[in-house]
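Undergrad: If you scroll down you'll find the structure; I have some questions about it.
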Amino acid sequence: MEQHWKELLAIDRYTVKSKSVLQDLDRKIMTLLYQPLIGSKSFSLYMTLWGELEQNRIWSVETTHHSLMTLMQSNLREIYHERIKLEGLGLLKTYLDEVDGVKRYVYELQTPIRPNEFFQDGVLNIYLYNRVGRNKFLQLKRFFSDDQMEEGMKEITKSFDDVFDSVRSAEMMGRVNKETMDDLTLENEREYLQSDSRSTLEISDASFDFDLFFSGLSDALISPKAFTPPIKEVIKKLSYLYGIGAVDMKNVAMSSLDQDDMIDVELLRKSARDWYQFQVGDELPNLVDKKQPITLRSKLNKKQLSKEEELMIQLETISPRQFLTDVAGGVPPAVGDLQIIEEVMVQQKLEPGVVNVLIYYVMLKTDMKLTRAYVQKIASHWTRKRVKTVKEAMDLAKQEHRQYQQWAEEKTTSKKKTQSKKTPIRKEILPEWLKDDEGNTDKEEQQQDKEGVEKKNLEQFELEKKKLFDRIKKYKDNKNGEMNERRNE
């Protein structure tokens, strides 16, 4: 993860600019439609920056980030991460100029998209639906819509030339000279106020493999002309939203052709929904399909990575649902396990990569089972510690493993009260990345490790850990092999 202090200091100066004049409708859209998606802190940052603009103007005065910290009563770390959220949803563009070590930022506020675009976006509307629920979503949709004009009404509006007399072209052009043309031209360093510029939700081209997608399509079936830039943008969004790979998207596109053999956007969206619901049921995409935000991932550029660093990258680049699937060798996770994970992500607001660490840790500690109470207890602790990155989660698990072991043993003890007291309690063994850096344990653990039963448990744990990673690796290798075969066809 790129630390905020490497990007931003309190003494760094900034100016707020608006892409266009913000209006009262924009405030309602931000409050009711975007706030449930970005959270109250990001919403507060947007509104604070908006408030720094003078009325009906598009530039603010220059000030420092310390001033912004004072206004929002927030630290730089929070401001930086909430800013990233606004950028991700296309509500803010950030520009930087650095001269002689002095950084000057320009925060350009983007006008939120209109309600008709939002509710037909294909990504934002579905996220809002999942976030606020059906009843509230229908209420918002009704609030931002109104009755259409009655049918049968005839327009009788008069045109410009019906109302105003035209001036002869010769007379008009005769009055135009160089001074007039200069007066009609805006200076290079200025721009006109406008109100029709809207934000856009941008998804990078790297998120979808168009080369693989097109390699599976025949020109005889779908003309390349059918894939216009807007269509390709919709394909990227649908792929991101529903988790549809390039190979499966080929079939989705094939079922979205109209009578002219062109891609129908509505059919494309419907086909994508049908594909998703066939794969996972009637539920719409939810939090368990999200991946760790790029801004919260580690920056590892080494040629040779340690096992711990390879694990970090794996947990950062996969969704909790897919991680559970990979662990099971391709078998979709049980509904109960997904509900436990989704509860953690909703209630504790943990990032997807952090949840992956939690899944990995709990499964190794509880014989490959997800226990709701144990998961929630550790998740609650990580929330209080404000854990955001995979590395932070792994480090905290390393520091607190004795406490987590005690929680697990308390749970095990309570379960076994009704069982035979002679049954030995299995000691929890730690994976390599949870051990102290020097590989040392305390005296009590060293003594326990000498016992034969503990040695047997250690061997069994290492065997289970090796089976887990071998299972994931084999499944991924097979999956990649299939994709390479398709590319070579």
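Here, A, B, ... name the chains of the structure tokens in the order displayed, residue numbers run from 1 inside each chain, and ligands are numbered from 1 in the same displayed order.
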If we count only C-alpha atoms and set the cut-off at 12 Å, which residues sit around Val344 (chain A), ignoring sequence neighbours fewer than 3 positions away in its own chain? Please answer as an MDAnalysis selection string.

TA: chainID A and resid 287:288 320 337:341 347:352 354:356 358:359 372:383

Undergrad: Could you give me, as a PyMOL selection string, the residues within 12 Å of Tyr34 (chain A), counting only C-alpha atoms and dropping anything in the same chain fewer than 6 positions from it?

TA: chain A and resi 26-28+40-44+46-47+85-86+89-91+111-115+118-119+124-125+127-129+131-132+140+199

Undergrad: I need the residues from that last selection saved to file as a PDB file, in the first residue's frame (with N, CA and C atoms), if you can.

TA:
ATOM      1  N   ASP A  26     -27.873  18.569  -7.862  1.00  0.00           N
ATOM      2  CA  ASP A  26     -26.639  17.818  -7.635  1.00  0.00           C
ATOM      3  C   ASP A  26     -26.482  17.466  -6.156  1.00  0.00           C
ATOM      4  N   ARG A  27     -26.864  18.386  -5.294  1.00  0.00           N
ATOM      5  CA  ARG A  27     -26.782  18.119  -3.846  1.00  0.00           C
ATOM      6  C   ARG A  27     -27.705  16.967  -3.452  1.00  0.00           C
ATOM      7  N   LYS A  28     -28.916  16.937  -4.004  1.00  0.00           N
ATOM      8  CA  LYS A  28     -29.851  15.851  -3.686  1.00  0.00           C
ATOM      9  C   LYS A  28     -29.337  14.516  -4.214  1.00  0.00           C
ATOM     10  N   SER A  40     -20.504   8.336   4.694  1.00  0.00           N
ATOM     11  CA  SER A  40     -20.707   9.712   5.152  1.00  0.00           C
ATOM     12  C   SER A  40     -19.429  10.546   5.114  1.00  0.00           C
ATOM     13  N   LYS A  41     -18.256   9.914   5.316  1.00  0.00           N
ATOM     14  CA  LYS A  41     -17.013  10.689   5.344  1.00  0.00           C
ATOM     15  C   LYS A  41     -16.629  11.184   3.952  1.00  0.00           C
ATOM     16  N   SER A  42     -16.762  10.318   2.951  1.00  0.00           N
ATOM     17  CA  SER A  42     -16.477  10.753   1.583  1.00  0.00           C
ATOM     18  C   SER A  42     -17.473  11.812   1.141  1.00  0.00           C
ATOM     19  N   PHE A  43     -18.721  11.599   1.519  1.00  0.00           N
ATOM     20  CA  PHE A  43     -19.754  12.594   1.208  1.00  0.00           C
ATOM     21  C   PHE A  43     -19.416  13.936   1.847  1.00  0.00           C
ATOM     22  N   SER A  44     -18.961  13.894   3.102  1.00  0.00           N
ATOM     23  CA  SER A  44     -18.596  15.123   3.807  1.00  0.00           C
ATOM     24  C   SER A  44     -17.429  15.826   3.120  1.00  0.00           C
ATOM     25  N   TYR A  46     -16.638  15.685  -0.103  1.00  0.00           N
ATOM     26  CA  TYR A  46     -17.144  16.287  -1.349  1.00  0.00           C
ATOM     27  C   TYR A  46     -17.883  17.586  -1.042  1.00  0.00           C
ATOM     28  N   MET A  47     -18.760  17.555  -0.041  1.00  0.00           N
ATOM     29  CA  MET A  47     -19.564  18.733   0.279  1.00  0.00           C
ATOM     30  C   MET A  47     -18.699  19.852   0.862  1.00  0.00           C
ATOM     31  N   LYS A  85     -11.815   7.329  -2.743  1.00  0.00           N
ATOM     32  CA  LYS A  85     -13.164   6.823  -3.027  1.00  0.00           C
ATOM     33  C   LYS A  85     -13.874   7.722  -4.032  1.00  0.00           C
ATOM     34  N   LEU A  86     -13.782   9.034  -3.819  1.00  0.00           N
ATOM     35  CA  LEU A  86     -14.427   9.975  -4.738  1.00  0.00           C
ATOM     36  C   LEU A  86     -13.838   9.847  -6.133  1.00  0.00           C
ATOM     37  N   LEU A  89     -15.192   6.724  -8.008  1.00  0.00           N
ATOM     38  CA  LEU A  89     -16.561   6.825  -8.522  1.00  0.00           C
ATOM     39  C   LEU A  89     -16.705   7.951  -9.536  1.00  0.00           C
ATOM     40  N   GLY A  90     -15.600   8.567  -9.912  1.00  0.00           N
ATOM     41  CA  GLY A  90     -15.651   9.600 -10.937  1.00  0.00           C
ATOM     42  C   GLY A  90     -16.182  10.937 -10.453  1.00  0.00           C
ATOM     43  N   LEU A  91     -16.201  11.147  -9.144  1.00  0.00           N
ATOM     44  CA  LEU A  91     -16.726  12.392  -8.582  1.00  0.00           C
ATOM     45  C   LEU A  91     -15.629  13.436  -8.362  1.00  0.00           C
ATOM     46  N   THR A 111     -19.455  16.865 -11.570  1.00  0.00           N
ATOM     47  CA  THR A 111     -20.886  16.875 -11.297  1.00  0.00           C
ATOM     48  C   THR A 111     -21.433  15.460 -11.347  1.00  0.00           C
ATOM     49  N   PRO A 112     -22.191  15.035 -10.336  1.00  0.00           N
ATOM     50  CA  PRO A 112     -22.742  13.670 -10.363  1.00  0.00           C
ATOM     51  C   PRO A 112     -23.673  13.473 -11.556  1.00  0.00           C
ATOM     52  N   ILE A 113     -23.756  12.233 -12.031  1.00  0.00           N
ATOM     53  CA  ILE A 113     -24.593  11.977 -13.195  1.00  0.00           C
ATOM     54  C   ILE A 113     -26.065  12.180 -12.854  1.00  0.00           C
ATOM     55  N   ARG A 114     -26.882  12.446 -13.873  1.00  0.00           N
ATOM     56  CA  ARG A 114     -28.308  12.691 -13.690  1.00  0.00           C
ATOM     57  C   ARG A 114     -29.017  11.405 -13.252  1.00  0.00           C
ATOM     58  N   PRO A 115     -30.166  11.548 -12.565  1.00  0.00           N
ATOM     59  CA  PRO A 115     -30.894  10.362 -12.072  1.00  0.00           C
ATOM     60  C   PRO A 115     -31.203   9.339 -13.147  1.00  0.00           C
ATOM     61  N   PHE A 118     -28.081   7.430 -13.705  1.00  0.00           N
ATOM     62  CA  PHE A 118     -27.713   6.649 -12.522  1.00  0.00           C
ATOM     63  C   PHE A 118     -28.530   5.361 -12.443  1.00  0.00           C
ATOM     64  N   PHE A 119     -29.852   5.487 -12.609  1.00  0.00           N
ATOM     65  CA  PHE A 119     -30.719   4.328 -12.451  1.00  0.00           C
ATOM     66  C   PHE A 119     -30.657   3.379 -13.646  1.00  0.00           C
ATOM     67  N   LEU A 124     -23.802   1.326 -10.835  1.00  0.00           N
ATOM     68  CA  LEU A 124     -24.179   2.149  -9.683  1.00  0.00           C
ATOM     69  C   LEU A 124     -25.558   1.786  -9.149  1.00  0.00           C
ATOM     70  N   ASN A 125     -26.524   1.576 -10.048  1.00  0.00           N
ATOM     71  CA  ASN A 125     -27.881   1.282  -9.595  1.00  0.00           C
ATOM     72  C   ASN A 125     -27.956  -0.055  -8.858  1.00  0.00           C
ATOM     73  N   TYR A 127     -25.408  -1.556  -7.211  1.00  0.00           N
ATOM     74  CA  TYR A 127     -24.756  -1.380  -5.913  1.00  0.00           C
ATOM     75  C   TYR A 127     -25.682  -0.646  -4.929  1.00  0.00           C
ATOM     76  N   LEU A 128     -26.379   0.356  -5.424  1.00  0.00           N
ATOM     77  CA  LEU A 128     -27.306   1.085  -4.553  1.00  0.00           C
ATOM     78  C   LEU A 128     -28.425   0.158  -4.082  1.00  0.00           C
ATOM     79  N   TYR A 129     -28.928  -0.668  -5.002  1.00  0.00           N
ATOM     80  CA  TYR A 129     -30.003  -1.608  -4.661  1.00  0.00           C
ATOM     81  C   TYR A 129     -29.558  -2.529  -3.532  1.00  0.00           C
ATOM     82  N   ARG A 131     -27.190  -1.978  -1.375  1.00  0.00           N
ATOM     83  CA  ARG A 131     -26.810  -1.224  -0.179  1.00  0.00           C
ATOM     84  C   ARG A 131     -28.031  -0.772   0.629  1.00  0.00           C
ATOM     85  N   VAL A 132     -29.084  -0.291  -0.047  1.00  0.00           N
ATOM     86  CA  VAL A 132     -30.223   0.283   0.686  1.00  0.00           C
ATOM     87  C   VAL A 132     -31.417  -0.658   0.757  1.00  0.00           C
ATOM     88  N   LEU A 140     -36.479   5.815  -3.675  1.00  0.00           N
ATOM     89  CA  LEU A 140     -35.565   6.760  -4.321  1.00  0.00           C
ATOM     90  C   LEU A 140     -35.858   6.881  -5.812  1.00  0.00           C
ATOM     91  N   SER A 199     -20.023  13.472 -14.214  1.00  0.00           N
ATOM     92  CA  SER A 199     -18.981  12.523 -13.832  1.00  0.00           C
ATOM     93  C   SER A 199     -19.159  11.210 -14.591  1.00  0.00           C
TER      94      SER A 199
END

Undergrad: Would you kindly return, as JSON, numbers by chain, each protein, DNA or RNA residue with an atom no farther than 9 Å from any atom of Arg269 (chain A), considering only C-alpha atoms and excluding same-chain residues fewer than 3 positions away?

TA: {"A": [122, 234, 235, 238, 252, 256, 264, 265, 266, 272, 273, 274]}

Undergrad: Using only C-alpha atoms, which residues sit within 12 Å of Leu396 (chain A) once same-chain residues fewer than 5 positions away are excluded, as a PDB file with C-alpha atoms, in the first residue's frame?

TA:
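Result saved to around_37.pdb:
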ATOM      1  CA  VAL A 354      -8.418  -8.322   5.042  1.00  0.00           C
ATOM      2  CA  VAL A 357      -6.632 -13.113   5.680  1.00  0.00           C
ATOM      3  CA  LEU A 358      -9.393 -13.739   8.215  1.00  0.00           C
ATOM      4  CA  TYR A 361      -6.428 -17.745   9.517  1.00  0.00           C
ATOM      5  CA  ILE A 378     -11.604 -11.557  15.451  1.00  0.00           C
ATOM      6  CA  ALA A 379     -13.239  -9.282  12.832  1.00  0.00           C
ATOM      7  CA  HIS A 381     -11.001  -6.703  16.981  1.00  0.00           C
ATOM      8  CA  TRP A 382      -9.551  -5.859  13.555  1.00  0.00           C
ATOM      9  CA  THR A 383     -12.210  -3.209  13.040  1.00  0.00           C
ATOM     10  CA  ARG A 384     -11.306  -1.527  16.325  1.00  0.00           C
ATOM     11  CA  LYS A 385      -7.660  -1.623  15.236  1.00  0.00           C
ATOM     12  CA  ARG A 386      -8.670  -0.027  11.898  1.00  0.00           C
ATOM     13  CA  VAL A 387      -7.003  -2.739   9.835  1.00  0.00           C
ATOM     14  CA  LYS A 388      -7.195  -1.848   6.121  1.00  0.00           C
ATOM     15  CA  THR A 389      -4.471  -3.798   4.347  1.00  0.00           C
ATOM     16  CA  VAL A 390      -3.502  -7.454   4.022  1.00  0.00           C
ATOM     17  CA  LYS A 391      -0.096  -6.777   5.595  1.00  0.00           C
ATOM     18  CA  HIS A 401      -2.131 -15.043  17.962  1.00  0.00           C
ATOM     19  CA  ARG A 402      -1.956 -16.078  21.627  1.00  0.00           C
ATOM     20  CA  GLN A 403      -5.137 -14.111  22.384  1.00  0.00           C
ATOM     21  CA  TYR A 404      -6.901 -15.587  19.340  1.00  0.00           C
ATOM     22  CA  TRP A 433       3.784 -16.051   8.695  1.00  0.00           C
ATOM     23  CA  LEU A 434       2.193 -15.988  12.161  1.00  0.00           C
ATOM     24  CA  LYS A 435       5.390 -16.891  13.974  1.00  0.00           C
ATOM     25  CA  ASP A 436       7.710 -14.299  15.438  1.00  0.00           C
TER      26      ASP A 436
END

Undergrad: When you draw a straight line from CA of Arg321 (chain A) to CA of Asn251 (chain A), how long is it in Å?

TA: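 Pair CA of Arg321 (chain A) / CA of Asn251 (chain A) returns 23.0 Å.
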
Undergrad: May I ask which of the residues A:Ile231, A:Met345, A:Leu9, A:Met153 is the closest one to Asp289 (chain A), counting only C-alpha atoms?

TA: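 Comparing A:Ile231, A:Met345, A:Leu9, A:Met153 against Asp289 (chain A), the winner is A:Met345.
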
Undergrad: Residues near Lys250 (chain A), anyone? I mean within 12 Å using only C-alpha atoms, not counting same-chain ones fewer than 4 positions away, as a list in words.

TA: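 The filter keeps Asp209, Phe210, Asp211, Leu212, Phe213, Phe214, Ser215, Gly216, Leu217, Ser218, Leu221, Ile222, Phe227, Ile235, Ser239, Ile244, Gly245, Ala246, Met254, Ser255, Ser256, Leu257, Ile263, Leu268, Ser271, Ala272 and Trp275 of chain A.
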
Undergrad: Find the residue from A:Lys225, A:Arg83, A:Arg13, A:Lys93 that sits nearest to Ser67 (chain A); use only C-alpha atoms when measuring.

TA: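 Comparing A:Lys225, A:Arg83, A:Arg13, A:Lys93 against Ser67 (chain A), the winner is A:Arg13.
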
Undergrad: Which value, in Å to one decimal, gives the distance between CA of Gln304 (chain A) and CA of Met394 (chain A)?

TA: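 So the two atoms, CA of Gln304 (chain A) and CA of Met394 (chain A), lie 20.1 Å apart.
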
Undergrad: With distances taken over only C-alpha atoms, which of A:Asp12, A:His66, A:His81, A:Lys270 is nearest to Val99 (chain A)?

TA: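 For Val99 (chain A), the nearest of the given residues is A:Asp12.
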
Undergrad: Find the residue from A:Val327, A:Glu54, A:Pro293, A:Gly336 that sits nearest to Gly88 (chain A); use only C-alpha atoms when measuring.

TA: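 For Gly88 (chain A), the nearest of the given residues is A:Pro293.
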
Undergrad: A:Leu37, A:Ala408, A:Val163, A:Val102: which is nearest Asn130 (chain A), counting only C-alpha atoms?

TA: A:Leu37
